[in-house]
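Text of upload.txt (compact mmCIF, C-alpha atoms (C1' of nucleotides)) as supplied:
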```txt
# COMPACT_ATOMS: atom_id res chain seq x y z
CA MET A 1 -6.19 33.24 2.80
CA GLN A 2 -3.38 31.62 4.66
CA THR A 3 -0.80 30.09 2.41
CA SER A 4 -0.32 26.40 3.00
CA CYS A 5 3.18 26.91 4.35
CA GLY A 6 2.77 30.25 5.99
CA ASP A 7 5.39 29.90 8.65
CA LEU A 8 7.30 26.73 8.17
CA PRO A 9 10.45 26.46 10.28
CA PRO A 10 13.59 27.89 8.65
CA ALA A 11 13.26 25.82 5.51
CA VAL A 12 16.34 23.85 4.60
CA ASN A 13 16.01 23.35 0.90
CA ASP A 14 19.66 24.14 0.58
CA PHE A 15 21.01 20.64 0.84
CA ASP A 16 24.38 21.58 2.19
CA GLY A 17 25.73 18.34 3.52
CA LYS A 18 24.60 18.78 7.07
CA GLY A 19 21.37 17.87 8.78
CA PHE A 20 19.69 20.35 11.09
CA ASP A 21 21.56 18.79 13.96
CA GLY A 22 24.90 19.41 12.37
CA LYS A 23 25.55 15.75 11.62
CA ALA A 24 27.34 15.22 8.33
CA LEU A 25 25.20 13.88 5.51
CA ALA A 26 26.28 12.36 2.25
CA PRO A 27 27.81 15.04 0.02
CA ALA A 28 25.37 16.57 -2.47
CA VAL A 29 28.07 17.02 -5.06
CA PRO A 30 27.18 15.01 -8.15
CA ARG A 31 29.37 12.08 -9.05
CA ARG A 32 30.71 13.73 -12.19
CA TYR A 33 32.37 16.43 -10.12
CA ARG A 34 34.07 13.95 -7.86
CA ARG A 35 36.19 11.93 -10.21
CA GLY A 36 39.08 10.36 -8.42
CA VAL A 37 37.61 10.69 -4.96
CA SER A 38 37.60 7.28 -3.35
CA GLU A 39 34.90 7.47 -0.67
CA GLU A 40 32.08 8.75 -2.87
CA THR A 41 28.57 8.57 -1.52
CA GLU A 42 25.39 9.63 -3.23
CA PRO A 43 23.13 11.91 -1.22
CA TYR A 44 19.89 10.32 -0.05
CA VAL A 45 17.10 12.26 -1.69
CA LEU A 46 13.79 10.80 -0.60
CA ASP A 47 11.99 11.95 -3.73
CA ASP A 48 14.48 10.04 -5.86
CA GLN A 49 13.85 6.66 -4.20
CA VAL A 50 11.71 4.12 -6.06
CA GLY A 51 9.77 3.11 -3.00
CA TYR A 52 8.66 6.62 -2.28
CA LEU A 53 7.64 7.21 -5.89
CA LEU A 54 5.81 3.90 -6.03
CA ARG A 55 3.83 4.86 -2.96
CA ARG A 56 2.87 8.23 -4.37
CA VAL A 57 1.85 6.85 -7.75
CA THR A 58 -0.16 4.14 -6.01
CA GLN A 59 -1.93 6.76 -3.92
CA ARG A 60 -2.94 8.64 -7.02
CA HIS A 61 -4.01 5.45 -8.73
CA LEU A 62 -6.23 4.35 -5.85
CA ALA A 63 -7.87 7.77 -5.76
CA ILE A 64 -8.67 7.44 -9.46
CA PHE A 65 -9.94 3.91 -8.90
CA SER A 66 -12.43 4.88 -6.24
CA GLN A 67 -13.70 7.70 -8.41
CA HIS A 68 -14.51 5.29 -11.23
CA ILE A 69 -15.59 2.28 -9.15
CA PRO A 70 -16.82 3.43 -5.74
CA GLU A 71 -18.74 0.24 -4.84
CA ILE A 72 -15.69 -1.93 -4.25
CA THR A 73 -11.94 -1.56 -3.75
CA ALA A 74 -9.14 -2.33 -6.18
CA MET A 75 -8.25 -5.47 -4.23
CA GLN A 76 -11.82 -6.70 -4.34
CA PHE A 77 -12.04 -5.97 -8.05
CA ALA A 78 -8.87 -7.96 -8.67
CA CYS A 79 -10.40 -10.95 -6.88
CA LEU A 80 -13.62 -10.72 -8.87
CA VAL A 81 -11.66 -10.53 -12.13
CA ARG A 82 -9.67 -13.64 -11.28
CA LEU A 83 -12.78 -15.58 -10.33
CA HIS A 84 -14.57 -14.42 -13.48
CA GLN A 85 -11.76 -15.45 -15.79
CA GLN A 86 -10.53 -18.58 -14.01
CA GLY A 87 -13.66 -19.95 -12.41
CA PRO A 88 -14.08 -21.00 -8.76
CA LEU A 89 -10.84 -21.11 -6.78
CA SER A 90 -9.87 -22.15 -3.30
CA GLN A 91 -9.34 -19.17 -1.04
CA ASN A 92 -5.57 -19.68 -0.98
CA HIS A 93 -5.30 -20.08 -4.74
CA LEU A 94 -7.38 -16.98 -5.24
CA GLY A 95 -5.04 -15.12 -2.95
CA ARG A 96 -2.01 -16.25 -4.92
CA ALA A 97 -3.70 -15.38 -8.20
CA ALA A 98 -4.38 -11.88 -6.93
CA SER A 99 -1.07 -11.46 -5.08
CA MET A 100 -2.24 -11.39 -1.49
CA ASP A 101 -1.37 -13.60 1.42
CA ALA A 102 -3.75 -15.95 3.19
CA ALA A 103 -4.56 -13.60 6.03
CA THR A 104 -5.34 -10.73 3.70
CA VAL A 105 -7.44 -12.71 1.25
CA LYS A 106 -9.59 -13.98 4.08
CA GLY A 107 -10.66 -10.44 4.88
CA VAL A 108 -11.20 -9.45 1.26
CA VAL A 109 -13.27 -12.54 0.46
CA GLY A 110 -15.24 -12.07 3.65
CA ARG A 111 -16.22 -8.57 2.58
CA LEU A 112 -17.06 -9.72 -0.94
CA GLU A 113 -19.28 -12.40 0.59
CA LYS A 114 -20.98 -9.83 2.77
CA LEU A 115 -21.64 -7.82 -0.38
CA GLY A 116 -23.23 -10.87 -2.00
CA LEU A 117 -20.66 -10.98 -4.81
CA VAL A 118 -19.10 -14.36 -3.95
CA THR A 119 -19.94 -17.46 -1.93
CA ARG A 120 -17.69 -19.75 0.09
CA ALA A 121 -18.36 -23.48 0.17
CA ALA A 122 -16.50 -26.41 1.69
CA ASP A 123 -14.68 -28.50 -0.89
CA PRO A 124 -16.07 -32.07 -0.84
CA GLY A 125 -12.80 -33.63 -1.99
CA ASP A 126 -10.46 -31.74 0.34
CA LYS A 127 -11.76 -30.91 3.79
CA ARG A 128 -9.19 -28.16 4.24
CA ARG A 129 -10.39 -26.15 1.31
CA LEU A 130 -12.94 -23.41 0.93
CA THR A 131 -14.03 -22.91 -2.64
CA VAL A 132 -14.81 -19.32 -3.53
CA THR A 133 -17.37 -18.86 -6.30
CA LEU A 134 -18.68 -15.76 -8.04
CA THR A 135 -22.41 -15.12 -7.58
CA GLU A 136 -24.54 -13.84 -10.45
CA ALA A 137 -24.39 -10.38 -8.93
CA GLY A 138 -20.63 -10.69 -8.76
CA ALA A 139 -20.31 -11.81 -12.37
CA ALA A 140 -22.64 -9.04 -13.50
CA LEU A 141 -20.63 -6.45 -11.62
CA VAL A 142 -17.27 -7.48 -13.11
CA SER A 143 -18.68 -7.69 -16.62
CA ALA A 144 -20.21 -4.26 -16.28
CA ARG A 145 -16.99 -2.76 -14.88
CA TYR A 146 -14.29 -4.12 -17.16
CA ALA A 147 -14.50 -1.00 -19.28
CA ASP A 148 -14.12 1.17 -16.19
CA GLY A 149 -11.12 -0.89 -15.19
CA LEU A 150 -9.44 -0.04 -18.47
CA ARG A 151 -10.38 3.61 -18.09
CA ILE A 152 -8.79 3.62 -14.63
CA SER A 153 -5.49 2.35 -16.02
CA ALA A 154 -5.65 4.90 -18.81
CA ALA A 155 -6.42 7.73 -16.41
CA THR A 156 -3.55 6.72 -14.15
CA MET A 157 -1.12 6.84 -17.05
CA GLU A 158 -2.75 9.82 -18.69
CA PRO A 159 0.41 12.00 -18.45
CA LEU A 160 2.27 9.50 -20.65
CA ASN A 161 1.93 8.89 -24.36
CA ARG A 162 1.31 5.48 -25.88
CA ALA A 163 4.96 4.47 -26.18
CA GLU A 164 5.81 5.69 -22.70
CA ARG A 165 2.96 3.72 -21.19
CA ALA A 166 4.17 0.55 -22.86
CA HIS A 167 7.69 1.26 -21.69
CA LEU A 168 6.59 1.85 -18.10
CA MET A 169 4.57 -1.35 -18.04
CA ALA A 170 7.51 -3.32 -19.41
CA LEU A 171 9.87 -1.89 -16.81
CA LEU A 172 7.46 -2.48 -13.92
CA ASN A 173 6.93 -6.00 -15.13
CA ARG A 174 10.61 -6.74 -14.75
CA LEU A 175 10.57 -5.54 -11.14
CA THR A 176 7.91 -8.05 -10.13
CA MET B 1 5.86 -33.53 -2.72
CA GLN B 2 2.62 -31.97 -3.72
CA THR B 3 2.84 -29.55 -6.59
CA SER B 4 1.57 -26.12 -5.71
CA CYS B 5 -1.41 -26.45 -8.02
CA GLY B 6 -2.06 -30.14 -7.78
CA ASP B 7 -5.76 -30.08 -8.47
CA LEU B 8 -6.82 -26.64 -9.45
CA PRO B 9 -10.26 -26.41 -11.03
CA PRO B 10 -10.32 -26.87 -14.83
CA ALA B 11 -7.86 -24.06 -15.48
CA VAL B 12 -9.01 -21.47 -17.95
CA ASN B 13 -5.83 -19.99 -19.28
CA ASP B 14 -7.36 -20.04 -22.73
CA PHE B 15 -8.78 -16.57 -22.73
CA ASP B 16 -11.55 -17.26 -25.20
CA GLY B 17 -13.89 -14.38 -24.72
CA LYS B 18 -16.14 -16.03 -22.21
CA GLY B 19 -15.93 -16.18 -18.44
CA PHE B 20 -16.50 -19.43 -16.63
CA ASP B 21 -20.14 -18.56 -16.32
CA GLY B 22 -20.57 -18.16 -20.04
CA LYS B 23 -20.95 -14.40 -19.90
CA ALA B 24 -19.31 -12.63 -22.81
CA LEU B 25 -16.05 -10.87 -22.04
CA ALA B 26 -14.25 -8.26 -24.08
CA PRO B 27 -12.78 -9.85 -27.24
CA ALA B 28 -9.17 -10.89 -26.90
CA VAL B 29 -8.39 -10.00 -30.49
CA PRO B 30 -5.65 -7.34 -30.58
CA ARG B 31 -6.56 -3.95 -31.92
CA ARG B 32 -4.41 -4.29 -35.01
CA TYR B 33 -6.58 -7.12 -36.28
CA ARG B 34 -9.75 -5.15 -35.84
CA ARG B 35 -9.23 -2.13 -38.03
CA GLY B 36 -12.50 -0.68 -39.09
CA VAL B 37 -14.55 -2.38 -36.41
CA SER B 38 -16.46 0.32 -34.55
CA GLU B 39 -17.21 -1.20 -31.14
CA GLU B 40 -13.68 -2.32 -30.26
CA THR B 41 -12.94 -3.27 -26.70
CA GLU B 42 -9.62 -4.36 -25.24
CA PRO B 43 -9.72 -7.44 -23.04
CA TYR B 44 -9.17 -6.77 -19.36
CA VAL B 45 -6.00 -8.58 -18.38
CA LEU B 46 -5.34 -8.01 -14.70
CA ASP B 47 -1.59 -8.49 -15.07
CA ASP B 48 -1.49 -5.70 -17.64
CA GLN B 49 -3.05 -3.06 -15.39
CA VAL B 50 -0.76 -0.46 -13.82
CA GLY B 51 -2.39 -0.66 -10.44
CA TYR B 52 -1.83 -4.35 -10.14
CA LEU B 53 1.79 -4.05 -11.23
CA LEU B 54 2.39 -1.16 -8.86
CA ARG B 55 1.07 -3.22 -6.00
CA ARG B 56 3.28 -6.17 -6.83
CA VAL B 57 6.41 -4.08 -7.25
CA THR B 58 5.64 -2.32 -3.99
CA GLN B 59 5.28 -5.66 -2.23
CA ARG B 60 8.67 -6.74 -3.46
CA HIS B 61 10.18 -3.40 -2.52
CA LEU B 62 8.83 -3.51 1.03
CA ALA B 63 10.16 -7.03 1.48
CA ILE B 64 13.60 -5.81 0.40
CA PHE B 65 13.30 -2.83 2.72
CA SER B 66 12.60 -4.87 5.81
CA GLN B 67 15.52 -7.15 5.00
CA HIS B 68 17.90 -4.20 4.96
CA ILE B 69 16.31 -2.10 7.71
CA PRO B 70 14.33 -4.32 10.07
CA GLU B 71 14.13 -1.86 12.99
CA ILE B 72 11.67 0.52 11.36
CA THR B 73 9.28 0.62 8.42
CA ALA B 74 9.65 2.47 5.12
CA MET B 75 7.09 5.04 6.22
CA GLN B 76 8.92 5.66 9.45
CA PHE B 77 12.23 5.98 7.63
CA ALA B 78 10.71 8.52 5.25
CA CYS B 79 9.62 10.62 8.22
CA LEU B 80 13.04 10.44 9.84
CA VAL B 81 14.71 11.46 6.58
CA ARG B 82 12.47 14.51 6.22
CA LEU B 83 13.07 15.58 9.79
CA HIS B 84 16.81 15.06 9.41
CA GLN B 85 17.04 17.12 6.26
CA GLN B 86 14.45 19.78 6.96
CA GLY B 87 14.62 20.15 10.72
CA PRO B 88 11.68 20.08 13.17
CA LEU B 89 8.26 20.14 11.48
CA SER B 90 4.70 20.35 12.68
CA GLN B 91 2.99 16.98 12.51
CA ASN B 92 0.83 18.03 9.56
CA HIS B 93 3.72 19.49 7.60
CA LEU B 94 5.73 16.37 8.20
CA GLY B 95 2.84 14.35 6.88
CA ARG B 96 2.66 16.44 3.73
CA ALA B 97 6.42 16.26 3.27
CA ALA B 98 6.25 12.47 3.48
CA SER B 99 3.00 12.09 1.54
CA MET B 100 0.69 10.87 4.24
CA ASP B 101 -2.52 12.31 5.58
CA ALA B 102 -3.07 13.68 9.06
CA ALA B 103 -4.63 10.51 10.45
CA THR B 104 -1.83 8.31 9.15
CA VAL B 105 1.03 10.53 10.25
CA LYS B 106 -0.34 10.61 13.77
CA GLY B 107 0.12 6.88 14.05
CA VAL B 108 3.54 6.85 12.45
CA VAL B 109 4.86 9.66 14.62
CA GLY B 110 3.36 8.01 17.68
CA ARG B 111 5.30 4.84 16.99
CA LEU B 112 8.50 6.77 16.29
CA GLU B 113 8.02 8.52 19.62
CA LYS B 114 7.53 5.21 21.37
CA LEU B 115 10.80 4.08 19.80
CA GLY B 116 12.55 7.16 21.18
CA LEU B 117 13.47 8.41 17.72
CA VAL B 118 11.33 11.52 17.83
CA THR B 119 9.70 13.88 20.32
CA ARG B 120 6.48 15.86 20.11
CA ALA B 121 6.21 19.26 21.75
CA ALA B 122 3.51 21.90 21.78
CA ASP B 123 4.35 24.90 19.60
CA PRO B 124 4.55 28.01 21.79
CA GLY B 125 3.51 30.35 18.98
CA ASP B 126 0.59 28.33 17.63
CA LYS B 127 -1.45 26.37 20.14
CA ARG B 128 -2.81 24.05 17.45
CA ARG B 129 0.57 22.75 16.47
CA LEU B 130 2.65 19.87 17.62
CA THR B 131 6.29 20.21 16.65
CA VAL B 132 7.99 16.94 15.85
CA THR B 133 11.73 16.84 16.48
CA LEU B 134 14.34 14.17 15.84
CA THR B 135 16.07 12.86 18.96
CA GLU B 136 19.79 12.09 18.96
CA ALA B 137 18.98 8.42 18.62
CA GLY B 138 16.74 9.26 15.67
CA ALA B 139 19.40 11.37 13.97
CA ALA B 140 22.01 8.69 14.57
CA LEU B 141 19.76 6.04 13.09
CA VAL B 142 19.02 7.96 9.88
CA SER B 143 22.65 8.92 9.39
CA ALA B 144 23.71 5.34 9.86
CA ARG B 145 21.05 4.04 7.48
CA TYR B 146 21.26 6.39 4.51
CA ALA B 147 23.60 3.98 2.76
CA ASP B 148 21.16 1.13 3.35
CA GLY B 149 18.40 3.29 1.94
CA LEU B 150 20.33 3.66 -1.28
CA ARG B 151 21.08 -0.05 -1.34
CA ILE B 152 17.37 -0.77 -0.97
CA SER B 153 16.53 1.33 -4.00
CA ALA B 154 19.32 -0.33 -5.96
CA ALA B 155 18.18 -3.80 -4.94
CA THR B 156 14.61 -3.02 -5.91
CA MET B 157 15.70 -1.94 -9.38
CA GLU B 158 18.41 -4.56 -9.67
CA PRO B 159 16.83 -6.20 -12.77
CA LEU B 160 17.24 -2.92 -14.67
CA ASN B 161 20.39 -1.36 -16.06
CA ARG B 162 21.44 2.19 -15.33
CA ALA B 163 19.56 3.81 -18.21
CA GLU B 164 16.41 1.81 -17.55
CA ARG B 165 16.42 2.82 -13.91
CA ALA B 166 16.65 6.46 -14.82
CA HIS B 167 13.89 6.02 -17.35
CA LEU B 168 11.62 4.29 -14.86
CA MET B 169 12.17 7.00 -12.28
CA ALA B 170 11.39 9.69 -14.82
CA LEU B 171 8.18 7.97 -15.89
CA LEU B 172 7.01 7.35 -12.33
CA ASN B 173 7.76 10.95 -11.51
CA ARG B 174 5.34 12.12 -14.15
CA LEU B 175 2.56 9.97 -12.68
CA THR B 176 2.79 11.66 -9.30
C1' DT C 1 0.83 -48.80 6.40
C1' DG C 2 2.58 -44.67 8.79
C1' DT C 3 4.33 -40.68 9.36
C1' DA C 4 7.11 -36.52 8.24
C1' DG C 5 6.44 -32.59 5.81
C1' DA C 6 3.53 -29.64 3.05
C1' DT C 7 -0.97 -27.30 2.39
C1' DT C 8 -5.17 -24.85 3.84
C1' DG C 9 -7.45 -21.79 6.56
C1' DT C 10 -7.79 -19.02 11.03
C1' DT C 11 -6.40 -15.94 14.58
C1' DT C 12 -3.71 -12.39 16.74
C1' DG C 13 -0.94 -8.44 16.66
C1' DT C 14 1.11 -4.60 14.40
C1' DA C 15 1.32 -0.94 10.77
C1' DT C 16 -0.35 1.56 7.13
C1' DG C 17 -4.03 4.30 4.50
C1' DC C 18 -7.96 7.23 4.00
C1' DA C 19 -12.79 9.34 4.68
C1' DA C 20 -15.50 11.90 7.71
C1' DA C 21 -16.79 14.35 11.67
C1' DC C 22 -15.01 17.27 15.41
C1' DA C 23 -12.99 20.70 18.57
C1' DT C 24 -9.74 24.16 18.70
C1' DC C 25 -7.10 27.77 17.04
C1' DC C 26 -5.44 31.34 13.75
C1' DT C 27 -5.78 35.00 10.25
C1' DG C 28 -7.42 38.08 6.87
C1' DC C 29 -10.96 41.05 5.67
C1' DG C 30 -14.86 43.91 6.16
C1' DC D 1 -13.00 44.58 16.44
C1' DG D 2 -15.30 40.41 15.05
C1' DC D 3 -16.26 36.74 12.37
C1' DA D 4 -15.97 33.52 8.38
C1' DG D 5 -13.08 30.38 6.49
C1' DG D 6 -8.88 27.93 6.69
C1' DA D 7 -5.48 25.18 9.39
C1' DT D 8 -4.19 21.69 12.96
C1' DG D 9 -4.76 17.63 15.36
C1' DT D 10 -7.82 13.73 17.10
C1' DT D 11 -10.98 10.03 16.82
C1' DT D 12 -13.69 6.48 14.64
C1' DG D 13 -14.51 3.22 11.20
C1' DC D 14 -13.22 0.52 7.49
C1' DA D 15 -9.82 -1.90 4.35
C1' DT D 16 -5.55 -3.57 3.27
C1' DA D 17 -0.88 -5.95 4.42
C1' DC D 18 1.98 -9.27 6.60
C1' DA D 19 4.47 -12.08 10.33
C1' DA D 20 3.80 -15.75 13.37
C1' DA D 21 1.64 -19.41 15.59
C1' DC D 22 -2.02 -23.01 15.18
C1' DA D 23 -5.23 -26.85 14.12
C1' DA D 24 -6.80 -29.78 10.69
C1' DT D 25 -5.87 -32.26 6.65
C1' DC D 26 -3.47 -34.32 2.78
C1' DT D 27 0.31 -36.81 0.31
C1' DA D 28 4.55 -38.61 -0.92
C1' DC D 29 7.68 -41.81 0.45
C1' DA D 30 10.03 -44.99 3.37
```

Take the structure in the file and write it out as C-alpha cells.
Amino acid sequence: MQTSCGDLPPAVNDFDGKGFDGKALAPAVPRRYRRGVSEETEPYVLDDQVGYLLRRVTQRHLAIFSQHIPEITAMQFACLVRLHQQGPLSQNHLGRAASMDAATVKGVVGRLEKLGLVTRAADPGDKRRLTVTLTEAGAALVSARYADGLRISAATMEPLNRAERAHLMALLNRLT
Amino acid sequence: MQTSCGDLPPAVNDFDGKGFDGKALAPAVPRRYRRGVSEETEPYVLDDQVGYLLRRVTQRHLAIFSQHIPEITAMQFACLVRLHQQGPLSQNHLGRAASMDAATVKGVVGRLEKLGLVTRAADPGDKRRLTVTLTEAGAALVSARYADGLRISAATMEPLNRAERAHLMALLNRLT
DNA sequence: TGTAGATTGTTTGTATGCAAACATCCTGCG
DNA sequence: CGCAGGATGTTTGCATACAAACAATCTACA
C-alpha cells in the first residue's frame, strides 16, 4: 500500500523564517523570547487562524448532518425550523431569520418547494411579497427530525464535555 | 421610515410547545425542572445549535476577510500560504494541506493561475501529477499580506479577550 | 398629494463545496 | 512480470453564498 504522502516534495515542516523562495517570513520565535525587540511579528500559522478552523469544523459538522438527515441540507432544515416555529414568513424575512441573503434564500426556498415541503403565495396586502408557508409534509418532516437535529449538534461537539460545550457556544455567540 | 419588521405575521416568540400548525413540539421546560420524568426532550432552538452558530461566525469572518484582503478569497489565501511555507505541491496534496477536496482545489488553483499567482506544471516523475508552484507575484502577495491575515483573525475575535481567544481556538481545534 | 427613499424579489456572475463516475497512472505483491 | 488496488486529476451535477444591478411596490414626509 502506498502511503498517502509517499514522495512529497522536500517537506518544510521546519518553519525557519524563510519561504521556499528564500523570502523572509515572520520570525517563528515566540513572543516571550523576544522581549525588548521593537519590530515583533507573529508568524502566520494557517492552522492557528480562526477562519481556517471554522471552515474545518463546519466541514465536519456538515458531514455529520448529512449522515443523520440525508433528505435535506442544513440550510433547508434551518428554514423549515423557522417556518415551523414562527409561522408563514415572507421570503426575505425567512432569509433574515435563517441568516441568508435574498439571492440565497430564493434558491433554498425554490428547492424546498420542489420537494413539496413549502409553498409560495403572493401576499394580498403587499404585492411585492411572497409568503412562504410550510406544507403538511414539511411540518411533519421538521417535527420528526427535531430529535435528529439535537443529535447532530451533540455529535459535532462529542469531543467536548458538558461544560466545554456550553463554553464554546457562549464564545461563538459573542462572535456573531 | 419603515421599520424592518413593520407587519410581520403574528410573531410567535412565545415558544409554547406548539408550532404554528398546532403540532406538538419538544417541551421548552428546562431539564432541571423535569427530574424524574422519563421521556425528556430538549426543545430545538436553532440559535443554540453549533452548526448555525458556526455558519454565522463564518459569515462575519469572511466579510472581515474581504475588507482586509479584497484581491483574493480566504480559500485562495490559504493555498498561497501553504505553497509559500511548504514549497511546490501536487494539486491533490495542496488540497489536503488546505482542507479542500480534489474538485474544489481544481477550481481554486485555476483561478489563482488566471491571476498569475501560481503555475501548474506536469510532474516529470509521475505523469498523473500536476505540480503547483507559487510565482514571484504570488510569493510577493503572501509575504505582503501575512500581517493582514493576522489582523483578520484578531478582528474576527475582537469581542473576546486574550484568554477567551486561546480557549476558543483550543475548543475548535478539538472539533476538527 | 407626490415623491424620495426604502423594501421585496429576481437575475447574473463569480466562488466555494462535495458526491460520484471516469480515465490514467503508479506500486506492491504474488 | 503482471495485475489488483490505490492515487491523481477531471468532469458533471447539485447546493450554498454573496455582490451588484433591476423592476415593482410601498411609505413616510414634505

**Item:** Exercise: C:DC18 partners within 9 Å, all atoms listed in the file, chain neighbours under 5 positions left out, as a list in words
**Value:** Asp101, Ala103 and Thr104 of chain B

**Item:** Residue neighbourhood stretch 159-165 of chain A, 12 Å, all atoms listed in the file, exclusion window fewer than 4 positions, as a PyMOL selection string
**Value:** (chain A and resi 57+153-155+169-172) or (chain B and resi 48-50+167-168+170-176)

**Asked** Looking at only C-alpha atoms (C1' of nucleotides), which of B:Arg128, B:Arg55, B:His84, B:Arg111 is the one that sits closest to chain C?
**Response** B:Arg128

Write out, as a Markdown table, each residue of chain B that has an atom at most 12 Å from chain C, together with the closest pair of atoms and their distance in Å to one decimal, counting all atoms listed in the file, rows going by chain and rising number.
```
| residue | atom | partner | partner_atom | distance |
| --- | --- | --- | --- | --- |
| B:Met1 | CA | C:DA6 | C1' | 7.3 |
| B:Gln2 | CA | C:DA6 | C1' | 7.2 |
| B:Thr3 | CA | C:DA6 | C1' | 9.7 |
| B:Ser4 | CA | C:DT7 | C1' | 8.6 |
| B:Cys5 | CA | C:DT7 | C1' | 10.5 |
| B:Gly6 | CA | C:DT7 | C1' | 10.6 |
| B:Ile72 | CA | C:DA15 | C1' | 10.5 |
| B:Thr73 | CA | C:DA15 | C1' | 8.4 |
| B:Ala74 | CA | C:DT16 | C1' | 10.2 |
| B:Met75 | CA | C:DT16 | C1' | 8.3 |
| B:Gln76 | CA | C:DA15 | C1' | 10.2 |
| B:Ser99 | CA | C:DG17 | C1' | 10.9 |
| B:Met100 | CA | C:DG17 | C1' | 8.1 |
| B:Asp101 | CA | C:DC18 | C1' | 7.6 |
| B:Ala102 | CA | C:DC18 | C1' | 9.5 |
| B:Ala103 | CA | C:DC18 | C1' | 8.0 |
| B:Thr104 | CA | C:DG17 | C1' | 6.5 |
| B:Val105 | CA | C:DT16 | C1' | 9.6 |
| B:Lys106 | CA | C:DT16 | C1' | 11.2 |
| B:Gly107 | CA | C:DA15 | C1' | 8.6 |
| B:Val108 | CA | C:DA15 | C1' | 8.3 |
| B:Val109 | CA | C:DA15 | C1' | 11.8 |
| B:Gly110 | CA | C:DA15 | C1' | 11.5 |
| B:Arg111 | CA | C:DA15 | C1' | 9.4 |
| B:Leu112 | CA | C:DA15 | C1' | 11.9 |
| B:Gly125 | CA | C:DC26 | C1' | 10.4 |
| B:Asp126 | CA | C:DC25 | C1' | 7.7 |
| B:Lys127 | CA | C:DC25 | C1' | 6.6 |
| B:Arg128 | CA | C:DC25 | C1' | 5.7 |
| B:Arg129 | CA | C:DC25 | C1' | 9.2 |
```

Do you have, as CSV, the list of residues of chain D lying at most 7 Å from chain B, each with its nearest atom pair and that distance in Å to one decimal, counting only C-alpha atoms (C1' of nucleotides) and ordered by chain then number?
```
residue,atom,partner,partner_atom,distance
D:DT8,C1',B:Arg128,CA,5.3
D:DT27,C1',B:Gln2,CA,6.7
D:DA28,C1',B:Met1,CA,5.5
```

**Asked** Distance atom CA of B:Gly149-atom CA of A:Tyr44, one decimal place?
**Response**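 The value is 7.5 Å.
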
**Request:** Quote the spacing between atom C1' of D:DT11 and atom CA of A:Ile64 in Å to one decimal place.
**Result:**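 Interatomic distance here is 26.5 Å.
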
**Message:** Given only C-alpha atoms as the basis, pick out the residue of A:Ala166, A:Leu115, A:Asp123, A:Tyr146 nearest to chain B.
**Reply:** A:Tyr146

**Message:** Report, in Å with one decimal, the straight-line distance from atom CA of A:Thr135 to atom CA of A:Val118.
**Reply:**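 So the two atoms, atom CA of A:Thr135 and atom CA of A:Val118, lie 5.0 Å apart.
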
**Prompt:** Taking all atoms listed in the file into account, which of B:Gln67, B:Gln86, B:Leu80, B:Arg120 comes nearest chain A?
**Reply:**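 Smallest distance to chain A is found for B:Gln86.
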
**Prompt:** Which of these residues is nearest to chain A, using all atoms listed in the file: B:Thr58, B:Ala122, B:Arg151, B:Ala137?
**Reply:**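 Residue with the minimum atom-to-atom distance to chain A: B:Thr58.
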